[in-house]
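K.L.:
Contents of run-v8.cif (mmCIF, C-alpha atoms):
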data_query
#
loop_
_atom_site.label_atom_id
_atom_site.label_comp_id
_atom_site.auth_asym_id
_atom_site.auth_seq_id
_atom_site.Cartn_x
_atom_site.Cartn_y
_atom_site.Cartn_z
CA MET M 293 174.40 29.85 13.85
CA ILE M 294 173.71 28.59 10.34
CA PRO M 295 170.32 26.92 11.16
CA GLN M 296 169.23 30.09 13.00
CA THR M 297 170.11 32.26 9.98
CA ALA M 298 168.22 29.86 7.71
CA THR M 299 165.18 30.02 10.02
CA THR M 300 165.30 33.84 10.04
CA THR M 301 165.54 33.95 6.23
CA THR M 302 162.57 31.57 5.88
CA ALA M 303 160.54 33.60 8.37
CA LEU M 304 161.33 36.85 6.52
CA ARG M 305 160.37 35.20 3.23
CA ASP M 306 157.07 33.99 4.73
CA VAL M 307 156.33 37.54 5.91
CA THR M 308 157.06 38.92 2.40
CA VAL M 309 154.84 36.30 0.74
CA GLY M 310 152.04 36.83 3.29
CA LYS M 311 152.16 40.60 2.84
CA LEU M 312 152.14 40.33 -0.97
CA LEU M 313 149.21 37.88 -0.98
CA ARG M 314 147.21 39.93 1.54
CA ASN M 315 147.76 43.25 -0.28
CA THR M 316 147.11 41.77 -3.73
CA TYR M 317 143.87 40.00 -2.79
CA TRP M 318 142.62 43.02 -0.84
CA LEU M 319 143.27 45.39 -3.77
CA LEU M 320 141.85 42.83 -6.23
CA SER M 321 138.58 42.58 -4.29
CA MET M 322 138.30 46.39 -4.13
CA THR M 323 138.95 46.76 -7.87
CA LEU M 324 136.43 44.02 -8.71
CA LEU M 325 133.75 45.80 -6.65
CA TRP M 326 134.63 49.14 -8.29
CA SER M 327 134.61 47.57 -11.74
CA ALA M 328 131.24 45.86 -11.11
CA ALA M 329 129.73 49.17 -9.96
CA LEU M 330 130.91 50.94 -13.14
CA ALA M 331 129.70 48.04 -15.32
CA ALA M 332 126.26 48.37 -13.67
CA LEU M 333 126.31 52.14 -14.27
CA SER M 334 127.31 51.71 -17.91
CA THR M 335 124.53 49.11 -18.39
CA ALA M 336 121.96 51.40 -16.77
CA LEU M 337 123.06 54.31 -18.99
CA LYS M 338 122.72 52.05 -22.08
CA MET M 339 126.13 53.08 -23.43
CA PRO M 340 126.73 52.43 -27.18
CA PRO M 341 128.90 49.45 -28.30
CA VAL M 342 131.81 51.74 -29.24
CA THR M 343 132.26 52.41 -25.49
CA HIS M 344 133.72 48.90 -25.12
CA LEU M 345 136.43 49.53 -27.73
CA VAL M 346 137.30 53.04 -26.48
CA ALA M 347 137.52 51.83 -22.85
CA LEU M 348 139.72 48.87 -23.85
CA GLY M 349 142.03 51.19 -25.82
CA ALA M 350 142.33 53.67 -22.94
CA ALA M 351 142.96 50.86 -20.43
CA PHE M 352 145.62 49.40 -22.75
CA VAL M 353 147.44 52.78 -22.87
CA LEU M 354 147.36 52.98 -19.04
CA ILE M 355 148.58 49.39 -18.63
CA TRP M 356 151.53 49.67 -21.01
CA PHE M 357 152.63 53.30 -20.56
CA VAL M 358 151.44 54.57 -17.16
CA LEU M 359 151.39 51.51 -14.87
CA PRO M 360 155.12 50.63 -15.25
CA ARG M 361 156.02 54.21 -14.21
CA THR M 362 153.63 54.45 -11.25
CA ALA M 363 153.39 50.88 -9.88
CA ARG M 364 155.97 51.49 -7.13
CA SER M 365 154.38 54.69 -5.84
CA ALA M 366 151.04 55.80 -4.34
CA ALA M 367 150.00 56.98 -7.83
CA GLY M 368 149.94 53.31 -8.81
CA LEU M 369 146.71 52.86 -6.81
CA TRP M 370 145.00 55.60 -8.85
CA THR M 371 146.24 53.94 -12.05
CA VAL M 372 144.84 50.54 -10.98
CA PHE M 373 141.43 52.03 -10.21
CA ALA M 374 141.48 53.96 -13.51
CA ILE M 375 142.30 50.78 -15.48
CA THR M 376 139.72 48.58 -13.74
CA GLY M 377 137.12 51.36 -13.83
CA LEU M 378 137.58 51.79 -17.58
CA LEU M 379 137.39 48.04 -18.22
CA GLY M 380 134.29 47.76 -16.00
CA PHE M 381 132.58 50.70 -17.73
CA GLY M 382 133.45 49.23 -21.14
CA LEU M 383 131.77 45.97 -20.12
CA GLY M 384 128.36 47.72 -19.96
CA PRO M 385 127.41 47.41 -23.68
CA VAL M 386 128.52 43.73 -23.72
CA LEU M 387 126.38 42.96 -20.66
CA SER M 388 123.42 44.87 -22.17
CA ALA M 389 123.65 42.74 -25.33
CA TYR M 390 123.61 39.48 -23.31
CA LEU M 391 120.93 40.67 -20.89
CA ALA M 392 118.64 41.37 -23.88
CA LEU M 393 118.71 37.65 -24.85
CA PRO M 394 115.71 35.48 -23.76
CA ASN M 395 117.64 33.86 -20.86
CA GLY M 396 120.35 36.51 -20.81
CA PRO M 397 120.33 37.14 -17.03
CA THR M 398 120.92 33.40 -16.44
CA ILE M 399 123.86 33.39 -18.89
CA VAL M 400 125.45 36.44 -17.21
CA ALA M 401 124.93 34.96 -13.73
CA MET M 402 126.39 31.60 -14.82
CA ALA M 403 129.43 33.28 -16.41
CA LEU M 404 129.96 35.32 -13.24
CA GLY M 405 129.59 32.27 -10.96
CA GLY M 406 131.76 30.14 -13.26
CA THR M 407 134.51 32.77 -13.25
CA ALA M 408 134.41 32.95 -9.43
CA VAL M 409 134.56 29.14 -9.07
CA ILE M 410 137.48 28.81 -11.52
CA PHE M 411 139.46 31.69 -10.00
CA LEU M 412 138.94 30.64 -6.37
CA GLY M 413 139.53 26.95 -7.15
CA LEU M 414 142.77 27.52 -9.07
CA SER M 415 144.11 30.07 -6.56
CA ALA M 416 143.32 27.75 -3.64
CA TYR M 417 144.99 24.83 -5.43
CA ALA M 418 148.14 26.84 -6.26
CA ILE M 419 148.42 28.10 -2.66
CA ALA M 420 147.53 24.82 -0.90
CA SER M 421 149.73 22.59 -3.10
CA GLY M 422 152.66 25.02 -2.97
CA ARG M 423 153.72 23.82 -6.44
CA ASP M 424 155.74 26.13 -8.66
CA PHE M 425 153.85 26.81 -11.90
CA SER M 426 156.29 29.43 -13.19
CA PHE M 427 157.18 27.09 -16.07
CA LEU M 428 153.74 28.00 -17.53
CA GLY M 429 154.95 31.57 -18.28
CA GLY M 430 156.14 30.88 -21.85
CA PHE M 431 153.02 28.83 -22.66
CA VAL M 432 150.69 31.61 -21.43
CA MET M 433 152.55 34.39 -23.27
CA VAL M 434 152.95 32.61 -26.61
CA GLY M 435 149.43 31.14 -26.38
CA PHE M 436 147.97 34.59 -25.83
CA LEU M 437 149.89 35.97 -28.84
CA VAL M 438 148.46 33.17 -31.01
CA VAL M 439 144.95 33.94 -29.71
CA LEU M 440 145.40 37.65 -30.51
CA GLY M 441 146.44 36.70 -34.05
CA ALA M 442 143.41 34.41 -34.40
CA ALA M 443 141.14 37.18 -33.05
CA LEU M 444 142.51 39.50 -35.76
CA VAL M 445 141.56 36.94 -38.42
CA ALA M 446 138.13 36.36 -36.82
CA LEU M 447 137.37 40.10 -37.04
CA PHE M 448 137.31 40.00 -40.84
CA LEU M 449 136.40 36.30 -41.31
CA PRO M 450 133.53 35.70 -38.89
CA VAL M 451 133.48 31.88 -38.65
CA PRO M 452 131.43 30.69 -35.61
CA LEU M 453 133.78 27.73 -34.99
CA LEU M 454 136.79 30.07 -34.84
CA THR M 455 135.00 32.24 -32.26
CA VAL M 456 134.31 29.15 -30.12
CA ALA M 457 137.94 28.01 -30.46
CA ILE M 458 139.25 31.47 -29.46
CA SER M 459 136.97 31.68 -26.41
CA ALA M 460 137.88 28.14 -25.32
CA ALA M 461 141.59 28.90 -25.76
CA VAL M 462 141.25 32.10 -23.70
CA VAL M 463 139.53 30.17 -20.87
CA LEU M 464 142.39 27.67 -20.89
CA LEU M 465 145.12 30.32 -21.09
CA MET M 466 143.61 32.53 -18.37
CA SER M 467 143.27 29.50 -16.09
CA ALA M 468 146.94 28.74 -16.69
CA ALA M 469 147.72 32.43 -16.07
CA ILE M 470 145.96 32.30 -12.67
CA LEU M 471 148.06 29.25 -11.67
CA PHE M 472 151.22 30.93 -12.99
CA GLN M 473 150.64 34.31 -11.29
CA THR M 474 149.57 32.83 -7.96
CA SER M 475 152.61 30.57 -7.95
CA LEU M 476 154.86 33.55 -8.83
CA MET M 477 153.55 35.34 -5.70
CA LEU M 478 154.35 32.28 -3.58
CA HIS M 479 157.83 31.57 -4.96
CA HIS M 480 159.18 34.91 -6.21
CA ALA M 481 157.47 37.43 -3.87
CA GLU M 482 160.64 39.47 -3.32
CA HIS M 483 160.72 40.54 -7.00
CA LEU M 484 157.02 41.38 -7.27
CA ASN M 485 154.81 44.37 -6.63
CA TYR M 486 151.21 43.97 -5.38
CA ILE M 487 149.85 46.68 -7.72
CA GLU M 488 151.19 44.93 -10.84
CA MET M 489 150.04 41.54 -9.55
CA THR M 490 146.54 42.93 -8.94
CA VAL M 491 146.31 44.18 -12.54
CA SER M 492 147.61 40.83 -13.90
CA LEU M 493 145.05 38.81 -11.90
CA TYR M 494 142.27 41.30 -12.71
CA LEU M 495 142.98 40.94 -16.47
CA ALA M 496 142.92 37.12 -16.16
CA ILE M 497 139.53 37.29 -14.39
CA PHE M 498 138.19 39.87 -16.89
CA ASN M 499 139.20 37.79 -19.95
CA LEU M 500 137.92 34.61 -18.32
CA PHE M 501 134.51 36.22 -17.68
CA ILE M 502 134.18 37.60 -21.25
CA SER M 503 135.15 34.24 -22.79
CA LEU M 504 132.77 32.27 -20.55
CA LEU M 505 130.03 34.73 -21.49
CA GLN M 506 130.72 34.09 -25.20
CA LEU M 507 130.86 30.30 -24.78
CA LEU M 508 127.61 30.19 -22.77
CA GLY M 509 125.93 32.57 -25.25
CA LEU M 510 126.98 30.32 -28.16
CA ALA M 511 125.85 27.19 -26.25
CA ARG M 512 122.42 28.79 -25.81
CA ASP M 513 122.21 29.51 -29.57
CA GLU M 514 122.89 25.83 -30.32
CA MET S 139 130.13 45.38 -36.03
CA SER S 140 130.72 48.35 -38.33
CA LEU S 141 133.84 48.58 -40.50
CA TRP S 142 135.26 51.42 -38.37
CA MET S 143 134.78 49.36 -35.20
CA LYS S 144 136.55 46.43 -36.90
CA ILE S 145 139.45 48.65 -37.94
CA GLY S 146 139.69 50.08 -34.40
CA ALA S 147 139.62 46.59 -32.87
CA ALA S 148 142.25 45.37 -35.36
CA LEU S 149 144.55 48.30 -34.48
CA LEU S 150 144.11 47.56 -30.77
CA LEU S 151 144.82 43.83 -31.23
CA GLY S 152 147.88 44.66 -33.36
CA ALA S 153 149.19 47.02 -30.68
CA MET S 154 148.70 44.31 -28.03
CA VAL S 155 150.70 41.82 -30.12
CA VAL S 156 153.55 44.34 -30.56
CA ALA S 157 153.52 45.21 -26.83
CA MET S 158 153.51 41.56 -25.73
CA LEU S 159 156.22 40.27 -28.08
CA PRO S 160 159.27 41.19 -25.93
CA ALA S 161 157.76 39.65 -22.78
CA ALA S 162 156.81 36.47 -24.67
CA ARG S 163 160.33 36.19 -26.14
CA HIS S 164 161.88 36.73 -22.68
CA TRP S 165 159.75 34.00 -21.06
CA LEU S 166 160.42 31.57 -23.90
CA GLU S 167 164.19 32.09 -23.77
CA HIS S 168 164.78 32.57 -20.03
CA GLY S 169 161.69 31.11 -18.33
CA PRO S 170 162.00 27.92 -16.26
CA ARG S 171 161.33 24.62 -18.01
CA GLY S 172 158.81 22.25 -16.43
CA SER S 173 159.41 18.52 -16.06
CA ALA S 174 157.04 15.97 -17.62
CA ALA S 175 155.44 15.38 -14.20
CA GLU S 176 154.87 19.12 -13.70
CA TRP S 177 153.24 19.48 -17.13
CA LEU S 178 151.06 16.45 -16.43
CA ASN S 179 149.91 17.97 -13.15
CA ALA S 180 149.11 21.33 -14.82
CA ALA S 181 147.29 19.54 -17.66
CA PHE S 182 145.18 17.61 -15.12
CA VAL S 183 144.15 20.82 -13.30
CA LEU S 184 143.38 22.61 -16.58
CA GLY S 185 141.44 19.54 -17.74
CA LEU S 186 139.21 19.91 -14.68
CA VAL S 187 138.53 23.53 -15.72
CA VAL S 188 137.58 22.37 -19.23
CA LEU S 189 135.18 19.76 -17.75
CA PHE S 190 133.61 22.42 -15.52
CA VAL S 191 133.09 24.78 -18.49
CA LEU S 192 131.54 21.95 -20.53
CA LEU S 193 129.13 21.27 -17.65
CA LEU S 194 128.20 24.96 -17.56
CA MET S 195 127.60 24.94 -21.32
CA LEU S 196 125.37 21.87 -21.05
CA ALA S 197 123.41 23.50 -18.23
CA VAL S 198 122.50 26.64 -20.23
#
For the file at hand, write its structure as structure tokens.

P.N.:
Amino acid sequence: MIPQTATTTTALRDVTVGKLLRNTYWLLSMTLLWSAALAALSTALKMPPVTHLVALGAAFVLIWFVLPRTARSAAGLWTVFAITGLLGFGLGPVLSAYLALPNGPTIVAMALGGTAVIFLGLSAYAIASGRDFSFLGGFVMVGFLVVLGAALVALFLPVPLLTVAISAAVVLLMSAAILFQTSLMLHHAEHLNYIEMTVSLYLAIFNLFISLLQLLGLARDE
Amino acid sequence: MSLWMKIGAALLLGAMVVAMLPAARHWLEHGPRGSAAEWLNAAFVLGLVVLFVLLLMLAV
């Protein structure tokens, strides 16, 4: 009886993990498409730079105050699309600035391709290896707090080297976050919700893309 | 970036720090600890990402 119970528990766990992965990646792909469409619209409308800041602020309010209250209901889907739509729309002025550079379209395409390769590679590795990267949680959280502090300093002390260091640190931290979040879905699926996981992975991809864009833009200037 | 944009961005960054502090403290105090081998493996994978980004930067 005991081996049969263990087999049933493992099978149930596999179903939970499979369902979480399927739902998360499906919603993530939908939100990325939606976000890309709004970024294209915002670029075409030539929105002013302040749009980026306003959209980030509104998305932050939704992430911290609305998402925790709606994530376990159907309203959570509307919240996810509102967050990713706002972030995508806010990306318009940033993309416009890079596209105006002499080889701007190449930089944007390389940042986009680089983000896709890093995300798919790390997700595939975390899933295929089956390793538990949940020990990276503290490193990602504290590292991101340090980066936020450094970004505050860089706002009022614009040193190019500090900007490079911040972007490089964000690339590293978001890569670690992708490993950490994917491994959480594999090993702790029963405690997780696909809507919250979609937002977490979306934010990692979003930050990774912005930082790659900055690094490639700075490399071009050199 | 205008001064008002800088002030807005600073307020937003400050709010993010305040909002993230409890989660960071929780993960530091209660999160699982990795072994040396696990950290080495993670460092190797992240090192590959750094190499890839350097290649991209050289290709621009």

K.L.:
Which residues of chain S sit at most 7 Å from chain M, using only C-alpha atoms? Give each one's shortest atom pair and distance in Å (one decimal place), in chain and ascending residue order, as JSON lines.

P.N.:
{"residue": "S:Lys144", "atom": "CA", "partner": "M:Leu447", "partner_atom": "CA", "distance": 6.4}
{"residue": "S:Ala147", "atom": "CA", "partner": "M:Leu345", "partner_atom": "CA", "distance": 6.7}
{"residue": "S:Ala148", "atom": "CA", "partner": "M:Leu444", "partner_atom": "CA", "distance": 5.9}
{"residue": "S:Leu150", "atom": "CA", "partner": "M:Gly349", "partner_atom": "CA", "distance": 6.5}
{"residue": "S:Leu151", "atom": "CA", "partner": "M:Leu440", "partner_atom": "CA", "distance": 6.2}
{"residue": "S:Val155", "atom": "CA", "partner": "M:Leu437", "partner_atom": "CA", "distance": 6.0}
{"residue": "S:Ala162", "atom": "CA", "partner": "M:Met433", "partner_atom": "CA", "distance": 4.9}
{"residue": "S:Trp165", "atom": "CA", "partner": "M:Gly430", "partner_atom": "CA", "distance": 4.8}
{"residue": "S:Leu166", "atom": "CA", "partner": "M:Gly430", "partner_atom": "CA", "distance": 4.8}
{"residue": "S:Gly169", "atom": "CA", "partner": "M:Phe427", "partner_atom": "CA", "distance": 6.5}
{"residue": "S:Pro170", "atom": "CA", "partner": "M:Phe427", "partner_atom": "CA", "distance": 4.9}
{"residue": "S:Arg171", "atom": "CA", "partner": "M:Phe427", "partner_atom": "CA", "distance": 5.2}
{"residue": "S:Gly172", "atom": "CA", "partner": "M:Phe427", "partner_atom": "CA", "distance": 5.1}
{"residue": "S:Leu184", "atom": "CA", "partner": "M:Leu464", "partner_atom": "CA", "distance": 6.7}
{"residue": "S:Val187", "atom": "CA", "partner": "M:Ile410", "partner_atom": "CA", "distance": 6.8}
{"residue": "S:Met195", "atom": "CA", "partner": "M:Leu508", "partner_atom": "CA", "distance": 5.4}
{"residue": "S:Val198", "atom": "CA", "partner": "M:Arg512", "partner_atom": "CA", "distance": 6.0}

K.L.:
Compile the contact shell of Val358 of chain M as a list of chain:residue names: residues with an atom at most 12 Å away, counting only C-alpha atoms, same-chain residues fewer than 2 positions apart removed.

P.N.:
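Surrounding residues, per the criterion: M:Ala350, M:Ala351, M:Phe352, M:Val353, M:Leu354, M:Ile355, M:Trp356, M:Pro360, M:Arg361, M:Thr362, M:Ala363, M:Arg364, M:Ser365, M:Ala367, M:Gly368, M:Leu369, M:Trp370, M:Thr371, M:Val372, M:Ala374, M:Ile375, M:Glu488.
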
K.L.:
Please enumerate the residues selected by the PyMOL selection byres ((chain M and resi 322-326) around 8) when evaluated against the supplied file, formatted as a list in words.

P.N.:
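On this input, the PyMOL selection byres ((chain M and resi 322-326) around 8) captures Trp318, Leu319, Leu320, Ser321, Ser327, Ala328, Ala329, Leu330, Val372, Phe373, Thr376, Gly377, Gly380 and Tyr494 of chain M.
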
K.L.:
Quote the spacing between atom CA of His164 of chain S and atom CA of Leu478 of chain M in Å to one decimal place.

P.N.:
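Here the two named atoms are 21.0 Å from each other.
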
K.L.:
Residues picked by the PyMOL selection byres ((chain M and resi 309) around 9) here, as a ChimeraX atom specification?

P.N.:
/M:304-308,310-314,477-482

K.L.:
In Å, rounded to a single decimal, give me how far atom CA of Val456 of chain M is from atom CA of Ile497 of chain M.

P.N.:
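We find that atom CA of Ile497 of chain M and atom CA of Val456 of chain M lie 18.5 Å from each other.
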
K.L.:
Counting all atoms listed in the file, which residues have an atom no more than 7 Å from (136.2, 41.8, -17.2) in the file's coordinates? Please list them as JSON, numbers by chain.

P.N.:
{"M": [379, 380, 383, 495, 497, 498, 499, 501, 502]}

K.L.:
I'd like the neighbourhood of Ala336 of chain M as a list in words, where a residue qualifies if any of its atoms comes within 10 Å (using all atoms listed in the file), though same-chain residues fewer than 4 positions away should be ignored.

P.N.:
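After dropping sequence-adjacent residues, the list is Leu330, Ala331, Ala332, Gly384, Pro385 and Ser388 of chain M.
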
K.L.:
In Å to one decimal, how far is atom CA of Phe357 of chain M from atom CA of Val491 of chain M?

P.N.:
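If I compute the distance from atom CA of Val491 of chain M to atom CA of Phe357 of chain M, I get 13.7 Å.
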
K.L.:
Mind listing as a list in words all residues within 6 Å of (147.9, 43.1, -6.2), counting only C-alpha atoms?

P.N.:
Asn315, Thr316, Leu319, Tyr486, Ile487, Glu488, Met489 and Thr490 of chain M

K.L.:
Rebuild all heavy atoms on segment 159-170 of chain S, as a compact mmCIF listing (two decimals), in the frame of the given file?

P.N.:
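Contents of rebuild21.txt, as written:
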# COMPACT_ATOMS: atom_id res chain seq x y z
N LEU S 159 155.14 41.06 -27.47
CA LEU S 159 156.22 40.27 -28.08
C LEU S 159 157.49 40.18 -27.24
O LEU S 159 158.00 39.07 -27.02
CB LEU S 159 156.56 40.82 -29.47
CG LEU S 159 155.85 40.14 -30.64
CD1 LEU S 159 156.19 40.84 -31.96
CD2 LEU S 159 156.23 38.67 -30.74
N PRO S 160 158.03 41.31 -26.72
CA PRO S 160 159.27 41.19 -25.93
C PRO S 160 159.12 40.31 -24.69
O PRO S 160 160.00 39.51 -24.39
CB PRO S 160 159.58 42.65 -25.53
CG PRO S 160 158.80 43.49 -26.45
CD PRO S 160 157.60 42.70 -26.84
N ALA S 161 157.98 40.45 -23.99
CA ALA S 161 157.76 39.65 -22.78
C ALA S 161 157.66 38.16 -23.13
O ALA S 161 158.22 37.30 -22.44
CB ALA S 161 156.50 40.10 -22.07
N ALA S 162 156.96 37.87 -24.24
CA ALA S 162 156.81 36.47 -24.67
C ALA S 162 158.17 35.88 -25.02
O ALA S 162 158.49 34.75 -24.63
CB ALA S 162 155.87 36.39 -25.86
N ARG S 163 159.00 36.67 -25.75
CA ARG S 163 160.33 36.19 -26.14
C ARG S 163 161.18 35.93 -24.90
O ARG S 163 161.87 34.92 -24.80
CB ARG S 163 160.99 37.24 -27.04
CG ARG S 163 162.23 36.71 -27.71
CD ARG S 163 162.77 37.70 -28.72
NE ARG S 163 161.87 37.88 -29.85
CZ ARG S 163 161.75 39.01 -30.54
NH1 ARG S 163 162.45 40.06 -30.19
NH2 ARG S 163 160.94 39.09 -31.57
N HIS S 164 161.09 36.87 -23.91
CA HIS S 164 161.88 36.73 -22.68
C HIS S 164 161.51 35.44 -21.95
O HIS S 164 162.38 34.68 -21.53
CB HIS S 164 161.64 37.94 -21.77
CG HIS S 164 162.22 37.76 -20.40
ND1 HIS S 164 163.55 37.99 -20.14
CD2 HIS S 164 161.67 37.32 -19.24
CE1 HIS S 164 163.78 37.73 -18.86
NE2 HIS S 164 162.66 37.32 -18.29
N TRP S 165 160.18 35.19 -21.80
CA TRP S 165 159.75 34.00 -21.06
C TRP S 165 160.10 32.72 -21.79
O TRP S 165 160.40 31.70 -21.17
CB TRP S 165 158.25 34.06 -20.76
CG TRP S 165 158.00 34.82 -19.50
CD1 TRP S 165 157.64 36.12 -19.38
CD2 TRP S 165 158.14 34.32 -18.16
NE1 TRP S 165 157.56 36.47 -18.06
CE2 TRP S 165 157.84 35.39 -17.29
CE3 TRP S 165 158.48 33.09 -17.62
CZ2 TRP S 165 157.89 35.26 -15.90
CZ3 TRP S 165 158.52 32.95 -16.23
CH2 TRP S 165 158.22 34.03 -15.39
N LEU S 166 160.07 32.77 -23.13
CA LEU S 166 160.42 31.57 -23.90
C LEU S 166 161.91 31.25 -23.76
O LEU S 166 162.30 30.09 -23.63
CB LEU S 166 160.10 31.79 -25.38
CG LEU S 166 158.78 31.23 -25.88
CD1 LEU S 166 158.68 31.36 -27.39
CD2 LEU S 166 158.61 29.76 -25.51
N GLU S 167 162.73 32.32 -23.79
CA GLU S 167 164.19 32.09 -23.77
C GLU S 167 164.73 31.87 -22.36
O GLU S 167 165.65 31.09 -22.15
CB GLU S 167 164.90 33.26 -24.44
CG GLU S 167 164.69 33.28 -25.95
CD GLU S 167 165.20 34.56 -26.61
OE1 GLU S 167 165.74 35.42 -25.90
OE2 GLU S 167 165.01 34.69 -27.84
N HIS S 168 164.19 32.62 -21.38
CA HIS S 168 164.78 32.57 -20.03
C HIS S 168 163.87 31.95 -18.97
O HIS S 168 164.29 31.80 -17.83
CB HIS S 168 165.16 33.99 -19.59
CG HIS S 168 166.05 34.69 -20.57
ND1 HIS S 168 167.36 34.33 -20.77
CD2 HIS S 168 165.81 35.70 -21.45
CE1 HIS S 168 167.89 35.10 -21.70
NE2 HIS S 168 166.96 35.94 -22.15
N GLY S 169 162.63 31.66 -19.32
CA GLY S 169 161.69 31.11 -18.33
C GLY S 169 162.08 29.71 -17.91
O GLY S 169 162.75 28.99 -18.66
N PRO S 170 161.66 29.28 -16.70
CA PRO S 170 162.00 27.92 -16.26
C PRO S 170 161.28 26.86 -17.09
O PRO S 170 160.19 27.11 -17.60
CB PRO S 170 161.51 27.90 -14.80
CG PRO S 170 160.52 29.00 -14.70
CD PRO S 170 160.87 30.02 -15.72
